[in-house]
Amino acid sequence: MARFLSLLRPQPFLAFTGGRKTSFCRMSLDVRAREVFAAAVEAVQPDTVVRHSIQRKDDSLLIDGHTFTLRHNLHLVGFGKAVLGMAAEAERIMGDHLQRGVISVPHGIQKTLLQHGKDQMLLKDKSCIRVMEGAKHNLPDADAQKAAESIKQLASELTEKDLLLVLISGGGSALLPAPVPPISLQEKQDVTRRLAAAGATIQELNTVRRALSLLKGGGLAHYAYPAKVVALILSDVIGDPLDLIASGPTVQSEVRHEEVLSVLERYNLSTSLPASVKDVLGRAGPRWEQSKEQSDRAAHALNVVIGSNSVALRCAGRRARELGLRPVVLSPGVCGDVRSVSRLYGLLTRYACSRDEPPPEVAAEVLKLGPEVGVQSWDLCRTMKVLSEGRTEGWGATCLLAGGEPTVELTGKGRGGRNQELALRVGLELRGMELPPNGPLFLSGGTDGQDGPTEAAGAVTDGGLWEEAKAQGLDVDGCLTNNDSFTFFSHLSSGERLLLPGLTGTNVMDVHMLIIPSHEH
Ligand SMILES: Nc1ncnc2c1ncn2[C@@H]1O[C@H](COP(=O)(O)OP(=O)(O)OP(=O)(O)O)[C@@H](O)[C@H]1O
Ligand SMILES: O=C(O)[C@H](O)CO
């Protein structure tokens, strides 16, 4: 048996890092963690996901098992942070079948991608797709509204011979503002801004947005009728709910006014709404007049999720295995306060690192905490089983992967983000535990490359963080109280624990990684 297990143990294969040949055993956990994160991001690059989701053979297009015939009848619209790269790839695939397009993308994105050398994410010269930049600071503005009008116009002009390809990614809601008259852009923006500031979830926020918009909640598919509509969606919402990602412009959804009002009431907004919003919410019936056929057709738009946090975690797991780590994916749905999330990773470390049988009270605590952070009991049980096998089966290290979008309750005025704050808190959780000599190590990073309003995507930490900070005269507790995790990591060991991939041009929420070496190794 022992001989069999030693065969399973990863051998020191050779890997290429930065042009050098390196044996895994000599590659630090830090280097491997960063490589695994890079693989997660690479898997959900906008051009890659579009390329993998569309097969073109002559004049036929195969998407998610459905065949469409191209007769120079293809039109394209898109909105979201990753849409420029998606459009560039779609343009390459469709060739001259693509007649025209309009995309609404973040302010300054073309310049940024150019500066980062991401030429493959830019449209070709003389492209027939019009790029409209807007929504500065992720807020709907007049530029985004102009883009939304152009998109609505293009969709409205289509005939039954046409095919409309809709590219959707996170940030799409702010980039497609089309308030139902008489609501003004300012009024709509005010309602969503106040909701977000009061801590509304993306589900609550987009439930309200759908009710106040002409294009959300299936509106775009409605205007595109009688053309066929195919939407390719890069998901940035936990569970990939089609009706909520970018507020579901191609997903027919009924607006239930009671539901919308209850969200507004929950955040004490219902009494201070502008008259125009009250007027629209008070109307009975659907947002647009439409025939039965029109409504059926709009409801039958093809919506395909082509990239998500799960895809990123799957590819990260593959890369981890190549690098000699035993991967286990906990969940792509981690949410809740970073304090609770860091506590969960602390408990899982304690569970995995115990020299003897893992203490049952730790497992019980893990299971109790799971629901608070969006992780199901069976995922925790499955993961704990792998972690405890990792202790005995001779793997050098286990790489636990998870994803999602935890939250930070902001109490200070410092600079930071949820990933850096999570990494800092996990570092503190590991302090004082009896740990293997060369680990564990924790990484948390935003797949968009930008954690909060900072230039870092996240950070990498371990159990030595507290001592290291103390030796360098850094006040860990003060940094946490002031939500100053970026400043903390920038000063700590000359910033070497920061994760700095630069803007990645994609976004499928965050990736967490806990690498736990076994005691023997
Ligand atoms: N100083 C800070 N410390 C910790 N977290 C912060 C700080 N400032 C902002 N945040 C958090 O950063 C998040 C906003 O960051 P970011 O712009 O990366 O948003 P996002 O949710 O990732 O947006 P998107 O989904 O569009 O990518 C919010 O959750 C906010 O609480
Ligand atoms: O645009 C949005 O609504 C959010 O990014 C969620 O998809």
# chains A, B, ... in the order shown; residues from 1 in each chain; ligands from 1
$ residues_near_ligand --ligand "ligand 2" --cutoff "7 Å" --atoms "only C-alpha atoms and all ligand atoms" --output "number ranges by chain"
A: 80, 169-174, 202, 206, 235-237, 244-247
$ residues_around --residues "A:Cys335" --least-positions-apart "5" --cutoff "6 Å" --atoms "only C-alpha atoms" --output "MDAnalysis selection string"
chainID A and resid 373:374 404:406
$ residues_near_ligand --ligand "ligand 1" --cutoff "7 Å" --atoms "only C-alpha atoms and all ligand atoms" --output "MDAnalysis selection string"
chainID A and resid 138 170:171 236 407:410 413:418 421 446 448 450:453 483:485 507 509
$ select_by_dssp --residues "stretch 164-366 of chain A" --states "strand (DSSP E or B)" --output "PyMOL selection string"
chain A and resi 164-169+179+213+228-234+302-307+326-334+337
$ residues_around --residues "A:Thr48" --least-positions-apart "2" --cutoff "10 Å" --atoms "only C-alpha atoms" --output "ChimeraX atom specification"
/A:42-46,50-53,85-86,89,306-307
